[in-house]
Amino acid sequence: MFDSFEELEKELENCNKCKLCKNRNNIVLGCGNKNAKVMFIGEGPGADEDAQGIPFVGKAGKLMDQAFKGVGINREDVYIANIVKCRPPMNRNPEQDEVNACLDYLRSQVMIVKPEIIVLLGSVALKAILGKDYSITASRGKWIEKKGIKYMPTFHPAALLRDETKKISFWKDLKEVKKYM
Ligand code: URA
């Protein structure tokens with residue numbers, strides 16, 4: 001575990017704990033307010049994120065920004081991170097060994113930021129954080145409290161690009177989160 005972002009960044013610089021290190025251009029640690037009350041956790045970087053080293057800057061990220069704007073959340077006020085910090089090839093889901101190798105970095109981020117609320121974006125984040133028994137269809141939109149943190153599972157913004165009808169639920173879940181900000 002790491003006590004500061006400086007330590008984390010230093011350790012990550014040469015990370016080769018899993019095979020995702022082979023093709024990365026940039027490690028995508030996270031962005032936003034390091035003292036945020038609300039943290040968002042996605043799956044892993046895509047091509048745009050890998051190119052820029054910043055989470056959620058591609059198509060899905062732009063859609064999330066629109067939703068933030070719609071419900072009055074400032075991207076600068078929250079902290080945004082991913083389950084894995086390096087891009088999985090062809091944007092496939094991260095594999096279990098990759099998730100396991102990377103999870104301590106995220107645990108450290110949570111310990112340093114100390115969010116009261118964590119928004120889990122999609123099934124990969126939900127299962128990696130709360131466990132394999134959780135399904136996104138059954139859990140989305142429902143608060144789950146564990147060890148003093150309130151979790152809000154919701155759809156991954158990329159899912160909204162594939163199915164527009166999910167947008168209503170996503171907006172609703174963000175509005176619910178905004179109530180506590
Ligand atoms: N999808 C994610 O899960 N994370 C990103 O940073 C970008 C797209």
# chains A, B, ... in the order shown; residues from 1 in each chain; ligands from 1
>>> residues_near_ligand(ligand="ligand 1", cutoff="12 Å", atoms="only C-alpha atoms and all ligand atoms", output="number ranges by chain")
A: 26-31, 40-65, 79-88, 91-94, 120-126, 155-161
>>> select_by_dssp(residues="range 13-73 of chain A", states="strand (DSSP E or B)", output="ChimeraX atom specification")
/A:30-32,38-42
>>> select_by_dssp(residues="chain A", states="alpha helix (DSSP H)", output="ChimeraX atom specification")
/A:5-13,47-52,59-71,96-113,123-130,136-139,157-162,166-178
>>> write_last_selection(atoms="C-alpha atoms", output="PDB file, in the first residue's frame")
ATOM      1  CA  PHE A   5       0.214  10.001  -4.679  1.00  0.00           C
ATOM      2  CA  GLU A   6       3.929  10.762  -5.014  1.00  0.00           C
ATOM      3  CA  GLU A   7       4.786   7.243  -3.805  1.00  0.00           C
ATOM      4  CA  LEU A   8       2.120   5.724  -6.016  1.00  0.00           C
ATOM      5  CA  GLU A   9       3.294   7.555  -9.123  1.00  0.00           C
ATOM      6  CA  LYS A  10       6.889   6.589  -8.461  1.00  0.00           C
ATOM      7  CA  GLU A  11       5.995   2.917  -8.072  1.00  0.00           C
ATOM      8  CA  LEU A  12       3.761   2.915 -11.142  1.00  0.00           C
ATOM      9  CA  GLU A  13       6.339   4.525 -13.417  1.00  0.00           C
ATOM     10  CA  ALA A  47      -7.168   4.349 -26.808  1.00  0.00           C
ATOM     11  CA  ASP A  48      -7.695   8.050 -26.006  1.00  0.00           C
ATOM     12  CA  GLU A  49      -6.903   7.582 -22.336  1.00  0.00           C
ATOM     13  CA  ASP A  50      -3.784   5.554 -23.196  1.00  0.00           C
ATOM     14  CA  ALA A  51      -2.674   8.360 -25.532  1.00  0.00           C
ATOM     15  CA  GLN A  52      -3.280  11.153 -22.996  1.00  0.00           C
ATOM     16  CA  LYS A  59     -16.256   9.091 -26.405  1.00  0.00           C
ATOM     17  CA  ALA A  60     -17.557   7.467 -23.219  1.00  0.00           C
ATOM     18  CA  GLY A  61     -15.846  10.150 -21.134  1.00  0.00           C
ATOM     19  CA  LYS A  62     -17.422  12.929 -23.179  1.00  0.00           C
ATOM     20  CA  LEU A  63     -20.825  11.387 -22.596  1.00  0.00           C
ATOM     21  CA  MET A  64     -20.092  11.176 -18.878  1.00  0.00           C
ATOM     22  CA  ASP A  65     -19.048  14.847 -18.911  1.00  0.00           C
ATOM     23  CA  GLN A  66     -22.388  15.741 -20.536  1.00  0.00           C
ATOM     24  CA  ALA A  67     -24.235  13.836 -17.824  1.00  0.00           C
ATOM     25  CA  PHE A  68     -22.127  15.557 -15.142  1.00  0.00           C
ATOM     26  CA  LYS A  69     -23.057  18.902 -16.622  1.00  0.00           C
ATOM     27  CA  GLY A  70     -26.733  17.922 -16.798  1.00  0.00           C
ATOM     28  CA  VAL A  71     -26.930  17.057 -13.114  1.00  0.00           C
ATOM     29  CA  GLN A  96      -8.613 -11.508 -13.487  1.00  0.00           C
ATOM     30  CA  ASP A  97      -4.811 -11.653 -13.162  1.00  0.00           C
ATOM     31  CA  GLU A  98      -4.606  -8.065 -14.462  1.00  0.00           C
ATOM     32  CA  VAL A  99      -7.280  -6.892 -12.013  1.00  0.00           C
ATOM     33  CA  ASN A 100      -5.501  -8.670  -9.145  1.00  0.00           C
ATOM     34  CA  ALA A 101      -2.141  -7.175 -10.090  1.00  0.00           C
ATOM     35  CA  CYS A 102      -3.538  -3.635 -10.215  1.00  0.00           C
ATOM     36  CA  LEU A 103      -6.036  -3.562  -7.355  1.00  0.00           C
ATOM     37  CA  ASP A 104      -3.573  -2.466  -4.660  1.00  0.00           C
ATOM     38  CA  TYR A 105      -2.996   0.776  -6.549  1.00  0.00           C
ATOM     39  CA  LEU A 106      -6.710   1.510  -6.478  1.00  0.00           C
ATOM     40  CA  ARG A 107      -6.944   0.507  -2.810  1.00  0.00           C
ATOM     41  CA  SER A 108      -4.202   3.018  -2.057  1.00  0.00           C
ATOM     42  CA  GLN A 109      -6.014   5.691  -4.070  1.00  0.00           C
ATOM     43  CA  VAL A 110      -9.173   5.066  -2.037  1.00  0.00           C
ATOM     44  CA  MET A 111      -7.195   5.212   1.227  1.00  0.00           C
ATOM     45  CA  ILE A 112      -5.575   8.518   0.254  1.00  0.00           C
ATOM     46  CA  VAL A 113      -8.658  10.242  -1.236  1.00  0.00           C
ATOM     47  CA  SER A 123     -19.949  -4.597 -14.209  1.00  0.00           C
ATOM     48  CA  VAL A 124     -16.138  -4.878 -14.192  1.00  0.00           C
ATOM     49  CA  ALA A 125     -15.806  -2.200 -11.489  1.00  0.00           C
ATOM     50  CA  LEU A 126     -18.740  -3.579  -9.504  1.00  0.00           C
ATOM     51  CA  LYS A 127     -17.421  -7.132  -9.443  1.00  0.00           C
ATOM     52  CA  ALA A 128     -13.803  -6.141  -8.800  1.00  0.00           C
ATOM     53  CA  ILE A 129     -14.745  -3.971  -5.822  1.00  0.00           C
ATOM     54  CA  LEU A 130     -17.796  -5.591  -4.253  1.00  0.00           C
ATOM     55  CA  ILE A 136     -25.065  -4.612 -12.605  1.00  0.00           C
ATOM     56  CA  THR A 137     -28.687  -5.170 -13.675  1.00  0.00           C
ATOM     57  CA  ALA A 138     -29.743  -6.127 -10.144  1.00  0.00           C
ATOM     58  CA  SER A 139     -27.559  -3.598  -8.289  1.00  0.00           C
ATOM     59  CA  PRO A 157     -20.953   5.257 -19.927  1.00  0.00           C
ATOM     60  CA  ALA A 158     -19.804   3.122 -22.898  1.00  0.00           C
ATOM     61  CA  ALA A 159     -22.960   1.033 -22.377  1.00  0.00           C
ATOM     62  CA  LEU A 160     -25.013   4.184 -22.993  1.00  0.00           C
ATOM     63  CA  LEU A 161     -23.302   4.612 -26.341  1.00  0.00           C
ATOM     64  CA  ARG A 162     -24.513   1.143 -27.312  1.00  0.00           C
ATOM     65  CA  LYS A 166     -29.807   3.299 -20.425  1.00  0.00           C
ATOM     66  CA  LYS A 167     -29.150   7.051 -20.313  1.00  0.00           C
ATOM     67  CA  ILE A 168     -32.251   7.724 -18.188  1.00  0.00           C
ATOM     68  CA  SER A 169     -31.066   5.358 -15.454  1.00  0.00           C
ATOM     69  CA  PHE A 170     -27.526   6.706 -15.580  1.00  0.00           C
ATOM     70  CA  TRP A 171     -28.757  10.302 -15.176  1.00  0.00           C
ATOM     71  CA  LYS A 172     -31.045   9.196 -12.339  1.00  0.00           C
ATOM     72  CA  ASP A 173     -28.143   7.489 -10.522  1.00  0.00           C
ATOM     73  CA  LEU A 174     -25.928  10.565 -10.884  1.00  0.00           C
ATOM     74  CA  LYS A 175     -28.730  12.772  -9.546  1.00  0.00           C
ATOM     75  CA  GLU A 176     -28.966  10.496  -6.518  1.00  0.00           C
ATOM     76  CA  VAL A 177     -25.212  10.880  -5.965  1.00  0.00           C
ATOM     77  CA  LYS A 178     -25.393  14.661  -6.451  1.00  0.00           C
TER      78      LYS A 178
END
>>> closest_residue(among="A:Lys142, A:Lys150, A:Lys22, A:Lys132", to="Lys37 in chain A", atoms="only C-alpha atoms")
A:Lys150
>>> atom_distance(atom1="CA of Tyr180 in chain A", atom2="CA of Pro115 in chain A")
11.8 Å
>>> closest_residue(among="A:Glu116, A:Asp163, A:Asp3, A:Glu95", to="Lys146 in chain A", atoms="only C-alpha atoms")
A:Glu116
>>> atom_distance(atom1="CA of Leu20 in chain A", atom2="CA of Ala36 in chain A")
28.3 Å
>>> atom_distance(atom1="CA of Val119 in chain A", atom2="CA of Arg140 in chain A")
10.1 Å
>>> decode(residues="range 84-96 of chain A", atoms="all heavy atoms", output="compact mmCIF listing (two decimals), in the first residue's frame")
# COMPACT_ATOMS: atom_id res chain seq x y z
N VAL A 84 -8.03 -1.05 -13.81
CA VAL A 84 -6.66 -1.26 -14.29
C VAL A 84 -6.13 0.05 -14.89
O VAL A 84 -6.89 0.84 -15.44
CB VAL A 84 -6.52 -2.42 -15.30
CG1 VAL A 84 -6.82 -3.75 -14.64
CG2 VAL A 84 -7.37 -2.21 -16.55
N LYS A 85 -4.84 0.24 -14.73
CA LYS A 85 -4.23 1.53 -15.10
C LYS A 85 -3.63 1.53 -16.51
O LYS A 85 -3.16 2.55 -16.97
CB LYS A 85 -3.13 1.91 -14.11
CG LYS A 85 -3.51 1.77 -12.63
CD LYS A 85 -4.72 2.58 -12.26
CE LYS A 85 -4.97 2.56 -10.76
NZ LYS A 85 -6.39 2.76 -10.43
N CYS A 86 -3.58 0.36 -17.14
CA CYS A 86 -3.04 0.28 -18.49
C CYS A 86 -4.10 -0.29 -19.43
O CYS A 86 -4.94 -1.09 -19.01
CB CYS A 86 -1.79 -0.60 -18.53
SG CYS A 86 -0.46 0.06 -17.50
N ARG A 87 -4.02 0.12 -20.69
CA ARG A 87 -5.08 -0.24 -21.64
C ARG A 87 -5.07 -1.72 -22.02
O ARG A 87 -4.06 -2.22 -22.52
CB ARG A 87 -4.90 0.58 -22.92
CG ARG A 87 -5.99 0.33 -23.90
CD ARG A 87 -5.69 0.91 -25.27
NE ARG A 87 -6.82 0.66 -26.15
CZ ARG A 87 -6.76 0.70 -27.46
NH1 ARG A 87 -5.63 1.04 -28.05
NH2 ARG A 87 -7.83 0.45 -28.19
N PRO A 88 -6.21 -2.40 -21.82
CA PRO A 88 -6.30 -3.77 -22.33
C PRO A 88 -6.39 -3.73 -23.86
O PRO A 88 -7.06 -2.87 -24.42
CB PRO A 88 -7.60 -4.30 -21.72
CG PRO A 88 -7.91 -3.38 -20.57
CD PRO A 88 -7.39 -2.03 -21.02
N PRO A 89 -5.70 -4.66 -24.56
CA PRO A 89 -5.72 -4.64 -26.02
C PRO A 89 -7.12 -4.75 -26.59
O PRO A 89 -7.96 -5.48 -26.04
CB PRO A 89 -4.87 -5.86 -26.41
CG PRO A 89 -4.61 -6.62 -25.17
CD PRO A 89 -4.91 -5.75 -24.00
N MET A 90 -7.39 -4.03 -27.65
CA MET A 90 -8.69 -4.01 -28.33
C MET A 90 -9.85 -3.66 -27.38
O MET A 90 -10.98 -4.05 -27.62
CB MET A 90 -9.01 -5.38 -28.97
CG MET A 90 -7.86 -6.02 -29.75
SD MET A 90 -7.46 -5.10 -31.23
CE MET A 90 -8.89 -5.43 -32.23
N ASN A 91 -9.53 -2.98 -26.31
CA ASN A 91 -10.53 -2.59 -25.31
C ASN A 91 -11.29 -3.78 -24.70
O ASN A 91 -12.43 -3.63 -24.29
CB ASN A 91 -11.54 -1.59 -25.88
CG ASN A 91 -10.88 -0.30 -26.29
OD1 ASN A 91 -9.78 0.01 -25.85
ND2 ASN A 91 -11.53 0.44 -27.16
N ARG A 92 -10.64 -4.95 -24.67
CA ARG A 92 -11.30 -6.09 -24.01
C ARG A 92 -11.39 -5.82 -22.51
O ARG A 92 -10.71 -4.93 -21.99
CB ARG A 92 -10.53 -7.39 -24.29
CG ARG A 92 -9.13 -7.42 -23.70
CD ARG A 92 -8.64 -8.84 -23.54
NE ARG A 92 -7.24 -8.93 -23.22
CZ ARG A 92 -6.68 -8.65 -22.06
NH1 ARG A 92 -7.42 -8.18 -21.05
NH2 ARG A 92 -5.38 -8.80 -21.86
N ASN A 93 -12.23 -6.60 -21.83
CA ASN A 93 -12.30 -6.47 -20.37
C ASN A 93 -10.96 -6.89 -19.77
O ASN A 93 -10.32 -7.82 -20.28
CB ASN A 93 -13.38 -7.41 -19.80
CG ASN A 93 -14.77 -6.88 -20.04
OD1 ASN A 93 -14.97 -5.78 -20.56
ND2 ASN A 93 -15.76 -7.67 -19.69
N PRO A 94 -10.55 -6.24 -18.69
CA PRO A 94 -9.33 -6.72 -18.02
C PRO A 94 -9.53 -8.14 -17.49
O PRO A 94 -10.62 -8.48 -17.03
CB PRO A 94 -9.13 -5.72 -16.87
CG PRO A 94 -10.36 -4.90 -16.79
CD PRO A 94 -11.14 -5.07 -18.05
N GLU A 95 -8.49 -8.95 -17.58
CA GLU A 95 -8.57 -10.33 -17.09
C GLU A 95 -8.28 -10.35 -15.59
O GLU A 95 -7.70 -9.40 -15.05
CB GLU A 95 -7.59 -11.21 -17.87
CG GLU A 95 -8.05 -11.35 -19.32
CD GLU A 95 -7.00 -11.95 -20.26
OE1 GLU A 95 -5.88 -12.26 -19.80
OE2 GLU A 95 -7.32 -12.09 -21.46
N GLN A 96 -8.69 -11.45 -14.95
CA GLN A 96 -8.61 -11.51 -13.49
C GLN A 96 -7.20 -11.27 -12.96
O GLN A 96 -7.00 -10.56 -11.98
CB GLN A 96 -9.16 -12.85 -12.98
CG GLN A 96 -9.44 -12.87 -11.49
CD GLN A 96 -10.44 -11.80 -11.04
OE1 GLN A 96 -11.50 -11.67 -11.62
NE2 GLN A 96 -10.07 -11.00 -10.04
